[in-house]
Amino acid sequence: MSELFNFGRNYDFHEIVVDGIVNGIGIVFALVGATALIFYATAWASHGEIAAAWIYGLGLVLCLSISFTYNIWPNSRTKWILRRLDHSAIFILIAATYTPFLQRGAGDPWIFAMLMAIWTTALIGIALKCAFPGRYDKLAILLYLAMGWSGVMVMGPVSQYLPPVTVWLILIGGLIYSLGVVFHVWEKLRFQNAIWHGFVVAAAAVHYGAVMTCFSLSGSL
């Protein structure tokens, strides 16, 4: 394998199996959770909220599925293509996760501008990962974090449209993602990839709770 196809540290069989199990569990819960959320939104929510539920659900399932496929695939040209998709899917997941929350206050110009900015940044990030695979990885990590925490800028106005528990779950999920980045870059640690994906699945579960409470409790505001 040439230096062009540099996938970082080679993981042994046990690391790949454990990582596959972690991602597999995440996919199962994502499929069940997304189906339940979309069903709930279809029955009780507005058209805009239904669209937001579909965007979030598809983004969640897509990201975890691509991650699972990429990480179990043997080193090859195909894996190099999957690497682009895997890193691009993270941008989609971040933007898709924000969508149900920001859609609630989309009538506010500042909140709507944030929604547009999140998706614009995601598209720029995807273009960056696809056009320059294997480069600017550290910049991409910073961009992931910046996107993830950019919601703080509109937390005040957005919190007026969300139940308090939703806001807390958003923050807790963000902290779990951020802590997981430590293991994402700690490549010398055995089972590092599985631990990182464990943080991803845990944070995604917390954010799923935030989305579900956003839909189910907003009527009580």
# chains A, B, ... in the order shown; residues from 1 in each chain; ligands from 1
call {"tool": "select_by_dssp", "arguments": {"residues": "stretch 49-160 of chain A", "states": "alpha helix (DSSP H)", "output": "PyMOL selection string"}}
result
chain A and resi 49-72+77-104+109-131+137-149+155-159
call {"tool": "residues_around", "arguments": {"residues": "stretch 97-106 of chain A", "least_positions_apart": "2", "cutoff": "7 Å", "atoms": "only C-alpha atoms", "output": "list of chain:residue names"}}
result
A:Glu49, A:Ala52, A:Ala53, A:Tyr56, A:Leu93, A:Ile94, A:Ala95, A:Asp108, A:Pro109, A:Ile111, A:Phe112, A:Leu115, A:Val158, A:Tyr161, A:Val211
call {"tool": "residues_around", "arguments": {"residues": "A:Ser67", "least_positions_apart": "5", "cutoff": "10 Å", "atoms": "only C-alpha atoms", "output": "PDB file with all heavy atoms, in the first residue's frame"}}
result
ATOM      1  N   ASP A  19     -14.588  -3.165  17.622  1.00  0.00           N
ATOM      2  CA  ASP A  19     -15.061  -1.930  17.008  1.00  0.00           C
ATOM      3  C   ASP A  19     -16.315  -2.189  16.180  1.00  0.00           C
ATOM      4  O   ASP A  19     -17.268  -1.394  16.200  1.00  0.00           O
ATOM      5  CB  ASP A  19     -13.964  -1.335  16.126  1.00  0.00           C
ATOM      6  CG  ASP A  19     -14.335   0.024  15.570  1.00  0.00           C
ATOM      7  OD1 ASP A  19     -14.761   0.891  16.349  1.00  0.00           O
ATOM      8  OD2 ASP A  19     -14.205   0.223  14.350  1.00  0.00           O
ATOM      9  N   GLY A  20     -16.341  -3.314  15.459  1.00  0.00           N
ATOM     10  CA  GLY A  20     -17.510  -3.669  14.663  1.00  0.00           C
ATOM     11  C   GLY A  20     -18.732  -3.905  15.532  1.00  0.00           C
ATOM     12  O   GLY A  20     -19.854  -3.517  15.168  1.00  0.00           O
ATOM     13  N   ASN A  23     -20.007  -0.424  16.725  1.00  0.00           N
ATOM     14  CA  ASN A  23     -20.720   0.253  15.643  1.00  0.00           C
ATOM     15  C   ASN A  23     -22.017  -0.470  15.292  1.00  0.00           C
ATOM     16  O   ASN A  23     -23.032   0.172  14.988  1.00  0.00           O
ATOM     17  CB  ASN A  23     -19.834   0.357  14.402  1.00  0.00           C
ATOM     18  CG  ASN A  23     -18.915   1.559  14.424  1.00  0.00           C
ATOM     19  OD1 ASN A  23     -19.330   2.658  14.748  1.00  0.00           O
ATOM     20  ND2 ASN A  23     -17.653   1.349  14.090  1.00  0.00           N
ATOM     21  N   GLY A  24     -21.979  -1.800  15.342  1.00  0.00           N
ATOM     22  CA  GLY A  24     -23.180  -2.581  15.033  1.00  0.00           C
ATOM     23  C   GLY A  24     -24.312  -2.303  16.012  1.00  0.00           C
ATOM     24  O   GLY A  24     -25.475  -2.158  15.612  1.00  0.00           O
ATOM     25  N   ILE A  27     -25.811   0.998  15.145  1.00  0.00           N
ATOM     26  CA  ILE A  27     -26.688   0.959  13.974  1.00  0.00           C
ATOM     27  C   ILE A  27     -28.061   0.413  14.329  1.00  0.00           C
ATOM     28  O   ILE A  27     -29.096   0.961  13.919  1.00  0.00           O
ATOM     29  CB  ILE A  27     -26.054   0.108  12.857  1.00  0.00           C
ATOM     30  CG1 ILE A  27     -24.797   0.792  12.316  1.00  0.00           C
ATOM     31  CG2 ILE A  27     -27.048  -0.119  11.717  1.00  0.00           C
ATOM     32  CD1 ILE A  27     -23.995  -0.075  11.363  1.00  0.00           C
ATOM     33  N   VAL A  61     -28.453   7.270  10.948  1.00  0.00           N
ATOM     34  CA  VAL A  61     -28.265   5.911  10.421  1.00  0.00           C
ATOM     35  C   VAL A  61     -27.154   5.885   9.379  1.00  0.00           C
ATOM     36  O   VAL A  61     -26.317   4.973   9.362  1.00  0.00           O
ATOM     37  CB  VAL A  61     -29.586   5.380   9.824  1.00  0.00           C
ATOM     38  CG1 VAL A  61     -29.356   4.040   9.126  1.00  0.00           C
ATOM     39  CG2 VAL A  61     -30.644   5.230  10.915  1.00  0.00           C
ATOM     40  N   LEU A  62     -27.135   6.888   8.509  1.00  0.00           N
ATOM     41  CA  LEU A  62     -26.115   6.956   7.454  1.00  0.00           C
ATOM     42  C   LEU A  62     -24.716   7.024   8.042  1.00  0.00           C
ATOM     43  O   LEU A  62     -23.814   6.284   7.628  1.00  0.00           O
ATOM     44  CB  LEU A  62     -26.371   8.177   6.574  1.00  0.00           C
ATOM     45  CG  LEU A  62     -25.364   8.419   5.442  1.00  0.00           C
ATOM     46  CD1 LEU A  62     -25.502   7.357   4.371  1.00  0.00           C
ATOM     47  CD2 LEU A  62     -25.565   9.802   4.827  1.00  0.00           C
ATOM     48  N   ILE A  72     -14.471  -1.868   9.133  1.00  0.00           N
ATOM     49  CA  ILE A  72     -14.239  -3.312   9.016  1.00  0.00           C
ATOM     50  C   ILE A  72     -13.664  -3.680   7.647  1.00  0.00           C
ATOM     51  O   ILE A  72     -13.222  -4.810   7.447  1.00  0.00           O
ATOM     52  CB  ILE A  72     -15.531  -4.125   9.263  1.00  0.00           C
ATOM     53  CG1 ILE A  72     -16.563  -3.863   8.149  1.00  0.00           C
ATOM     54  CG2 ILE A  72     -16.111  -3.838  10.629  1.00  0.00           C
ATOM     55  CD1 ILE A  72     -17.754  -4.810   8.193  1.00  0.00           C
ATOM     56  N   LEU A  82     -14.200   4.779   0.946  1.00  0.00           N
ATOM     57  CA  LEU A  82     -15.059   4.734   2.140  1.00  0.00           C
ATOM     58  C   LEU A  82     -14.575   5.718   3.201  1.00  0.00           C
ATOM     59  O   LEU A  82     -15.384   6.267   3.964  1.00  0.00           O
ATOM     60  CB  LEU A  82     -15.074   3.320   2.715  1.00  0.00           C
ATOM     61  CG  LEU A  82     -15.839   2.278   1.896  1.00  0.00           C
ATOM     62  CD1 LEU A  82     -15.582   0.880   2.453  1.00  0.00           C
ATOM     63  CD2 LEU A  82     -17.336   2.589   1.899  1.00  0.00           C
ATOM     64  N   ARG A  83     -13.262   5.949   3.238  1.00  0.00           N
ATOM     65  CA  ARG A  83     -12.710   6.902   4.206  1.00  0.00           C
ATOM     66  C   ARG A  83     -13.260   8.302   3.955  1.00  0.00           C
ATOM     67  O   ARG A  83     -13.601   9.028   4.886  1.00  0.00           O
ATOM     68  CB  ARG A  83     -11.184   6.906   4.117  1.00  0.00           C
ATOM     69  CG  ARG A  83     -10.475   7.750   5.169  1.00  0.00           C
ATOM     70  CD  ARG A  83      -8.967   7.634   4.984  1.00  0.00           C
ATOM     71  NE  ARG A  83      -8.238   8.209   6.085  1.00  0.00           N
ATOM     72  CZ  ARG A  83      -7.890   9.488   6.186  1.00  0.00           C
ATOM     73  NH1 ARG A  83      -8.233  10.326   5.217  1.00  0.00           N
ATOM     74  NH2 ARG A  83      -7.218   9.936   7.219  1.00  0.00           N
ATOM     75  N   LEU A  85     -16.114   8.998   2.546  1.00  0.00           N
ATOM     76  CA  LEU A  85     -17.522   8.976   2.934  1.00  0.00           C
ATOM     77  C   LEU A  85     -17.676   9.005   4.453  1.00  0.00           C
ATOM     78  O   LEU A  85     -18.566   9.687   4.985  1.00  0.00           O
ATOM     79  CB  LEU A  85     -18.209   7.734   2.358  1.00  0.00           C
ATOM     80  CG  LEU A  85     -18.239   7.614   0.834  1.00  0.00           C
ATOM     81  CD1 LEU A  85     -18.902   6.308   0.415  1.00  0.00           C
ATOM     82  CD2 LEU A  85     -18.968   8.804   0.225  1.00  0.00           C
ATOM     83  N   ASP A  86     -16.807   8.265   5.146  1.00  0.00           N
ATOM     84  CA  ASP A  86     -16.874   8.206   6.605  1.00  0.00           C
ATOM     85  C   ASP A  86     -16.651   9.581   7.217  1.00  0.00           C
ATOM     86  O   ASP A  86     -17.415  10.026   8.088  1.00  0.00           O
ATOM     87  CB  ASP A  86     -15.824   7.213   7.120  1.00  0.00           C
ATOM     88  CG  ASP A  86     -15.791   7.126   8.640  1.00  0.00           C
ATOM     89  OD1 ASP A  86     -16.847   6.852   9.238  1.00  0.00           O
ATOM     90  OD2 ASP A  86     -14.718   7.342   9.228  1.00  0.00           O
ATOM     91  N   HIS A  87     -15.606  10.260   6.782  1.00  0.00           N
ATOM     92  CA  HIS A  87     -15.300  11.582   7.335  1.00  0.00           C
ATOM     93  C   HIS A  87     -16.338  12.618   6.912  1.00  0.00           C
ATOM     94  O   HIS A  87     -16.647  13.540   7.666  1.00  0.00           O
ATOM     95  CB  HIS A  87     -13.906  12.015   6.882  1.00  0.00           C
ATOM     96  CG  HIS A  87     -12.810  11.202   7.514  1.00  0.00           C
ATOM     97  ND1 HIS A  87     -11.475  11.516   7.389  1.00  0.00           N
ATOM     98  CD2 HIS A  87     -12.855  10.085   8.274  1.00  0.00           C
ATOM     99  CE1 HIS A  87     -10.741  10.623   8.048  1.00  0.00           C
ATOM    100  NE2 HIS A  87     -11.565   9.744   8.583  1.00  0.00           N
ATOM    101  N   ALA A  89     -19.516  11.921   6.398  1.00  0.00           N
ATOM    102  CA  ALA A  89     -20.754  11.612   7.109  1.00  0.00           C
ATOM    103  C   ALA A  89     -20.790  12.262   8.489  1.00  0.00           C
ATOM    104  O   ALA A  89     -21.879  12.525   9.022  1.00  0.00           O
ATOM    105  CB  ALA A  89     -20.924  10.097   7.234  1.00  0.00           C
ATOM    106  N   ILE A  90     -19.636  12.526   9.073  1.00  0.00           N
ATOM    107  CA  ILE A  90     -19.599  13.193  10.368  1.00  0.00           C
ATOM    108  C   ILE A  90     -20.167  14.600  10.250  1.00  0.00           C
ATOM    109  O   ILE A  90     -20.923  15.056  11.119  1.00  0.00           O
ATOM    110  CB  ILE A  90     -18.158  13.225  10.928  1.00  0.00           C
ATOM    111  CG1 ILE A  90     -17.641  11.803  11.152  1.00  0.00           C
ATOM    112  CG2 ILE A  90     -18.116  14.013  12.249  1.00  0.00           C
ATOM    113  CD1 ILE A  90     -16.181  11.742  11.554  1.00  0.00           C
ATOM    114  N   HIS A 197     -15.480   5.095  19.170  1.00  0.00           N
ATOM    115  CA  HIS A 197     -16.819   4.862  18.655  1.00  0.00           C
ATOM    116  C   HIS A 197     -17.822   4.585  19.779  1.00  0.00           C
ATOM    117  O   HIS A 197     -19.022   4.850  19.614  1.00  0.00           O
ATOM    118  CB  HIS A 197     -16.802   3.717  17.642  1.00  0.00           C
ATOM    119  CG  HIS A 197     -16.176   4.099  16.339  1.00  0.00           C
ATOM    120  ND1 HIS A 197     -15.194   3.357  15.721  1.00  0.00           N
ATOM    121  CD2 HIS A 197     -16.378   5.177  15.538  1.00  0.00           C
ATOM    122  CE1 HIS A 197     -14.826   3.941  14.600  1.00  0.00           C
ATOM    123  NE2 HIS A 197     -15.527   5.056  14.466  1.00  0.00           N
TER     124      HIS A 197
END
call {"tool": "atom_distance", "arguments": {"atom1": "atom CA of A:Ala30", "atom2": "atom CA of A:Tyr11"}}
result
25.4 Å
call {"tool": "closest_residue", "arguments": {"among": "A:Ile55, A:Val181, A:Ala113, A:Val167", "to": "A:Leu142", "atoms": "only C-alpha atoms"}}
result
A:Val181
call {"tool": "residues_around", "arguments": {"residues": "A:Asn193", "least_positions_apart": "4", "cutoff": "10 Å", "atoms": "only C-alpha atoms", "output": "MDAnalysis selection string"}}
result
chainID A and resid 11 15:16 18:20 22 71 183:187 189 197:199
call {"tool": "closest_residue", "arguments": {"among": "A:Ile21, A:Leu64, A:Leu169, A:Leu175", "to": "A:Gly209", "atoms": "only C-alpha atoms"}}
result
A:Leu169
call {"tool": "atom_distance", "arguments": {"atom1": "atom CA of A:Phe13", "atom2": "atom CA of A:Lys79"}}
result
16.7 Å
call {"tool": "closest_residue", "arguments": {"among": "A:Gly134, A:Gly57, A:Gly33, A:Gly125", "to": "A:Ile81", "atoms": "only C-alpha atoms"}}
result
A:Gly134
call {"tool": "residues_around", "arguments": {"residues": "A:Arg84", "least_positions_apart": "6", "cutoff": "8 Å", "atoms": "only C-alpha atoms", "output": "list in words"}}
result
Lys129, Cys130 and Pro133 of chain A
call {"tool": "write_last_selection", "arguments": {"atoms": "all heavy atoms", "output": "PDB file, in the first residue's frame"}}
result
ATOM      1  N   LYS A 129     -13.072  17.086   2.400  1.00  0.00           N
ATOM      2  CA  LYS A 129     -12.676  15.695   2.603  1.00  0.00           C
ATOM      3  C   LYS A 129     -12.653  14.914   1.292  1.00  0.00           C
ATOM      4  O   LYS A 129     -11.832  14.004   1.122  1.00  0.00           O
ATOM      5  CB  LYS A 129     -13.633  15.014   3.585  1.00  0.00           C
ATOM      6  CG  LYS A 129     -13.652  15.624   4.977  1.00  0.00           C
ATOM      7  CD  LYS A 129     -12.278  15.731   5.603  1.00  0.00           C
ATOM      8  CE  LYS A 129     -11.613  14.397   5.827  1.00  0.00           C
ATOM      9  NZ  LYS A 129     -10.327  14.530   6.565  1.00  0.00           N
ATOM     10  N   CYS A 130     -13.561  15.258   0.359  1.00  0.00           N
ATOM     11  CA  CYS A 130     -13.607  14.532  -0.904  1.00  0.00           C
ATOM     12  C   CYS A 130     -12.526  14.999  -1.879  1.00  0.00           C
ATOM     13  O   CYS A 130     -11.966  14.198  -2.631  1.00  0.00           O
ATOM     14  CB  CYS A 130     -14.991  14.696  -1.543  1.00  0.00           C
ATOM     15  SG  CYS A 130     -16.314  13.842  -0.662  1.00  0.00           S
ATOM     16  N   PRO A 133      -8.491  13.992   0.100  1.00  0.00           N
ATOM     17  CA  PRO A 133      -8.510  12.855   1.028  1.00  0.00           C
ATOM     18  C   PRO A 133      -7.148  12.635   1.682  1.00  0.00           C
ATOM     19  O   PRO A 133      -6.112  12.728   1.022  1.00  0.00           O
ATOM     20  CB  PRO A 133      -8.894  11.677   0.126  1.00  0.00           C
ATOM     21  CG  PRO A 133      -8.450  12.085  -1.239  1.00  0.00           C
ATOM     22  CD  PRO A 133      -8.681  13.573  -1.295  1.00  0.00           C
TER      23      PRO A 133
END
call {"tool": "residues_around", "arguments": {"residues": "A:Val206", "least_positions_apart": "2", "cutoff": "10 Å", "atoms": "only C-alpha atoms", "output": "list in words"}}
result
Thr166, Trp168, Leu169, Ile170, Leu171, Ile172, Gly173, Gly174, Ile176, Val200, Val201, Ala202, Ala203, Ala204, Tyr208, Gly209, Ala210, Val211 and Met212 of chain A
call {"tool": "atom_distance", "arguments": {"atom1": "atom CA of A:Val152", "atom2": "atom CA of A:Ser88"}}
result
22.9 Å
call {"tool": "closest_residue", "arguments": {"among": "A:Ile118, A:Leu162, A:Leu128, A:Ala96", "to": "A:Phe215", "atoms": "only C-alpha atoms"}}
result
A:Leu162
call {"tool": "closest_residue", "arguments": {"among": "A:His207, A:Ile124, A:Ser46, A:Asn10", "to": "A:Arg190", "atoms": "only C-alpha atoms"}}
result
A:Asn10
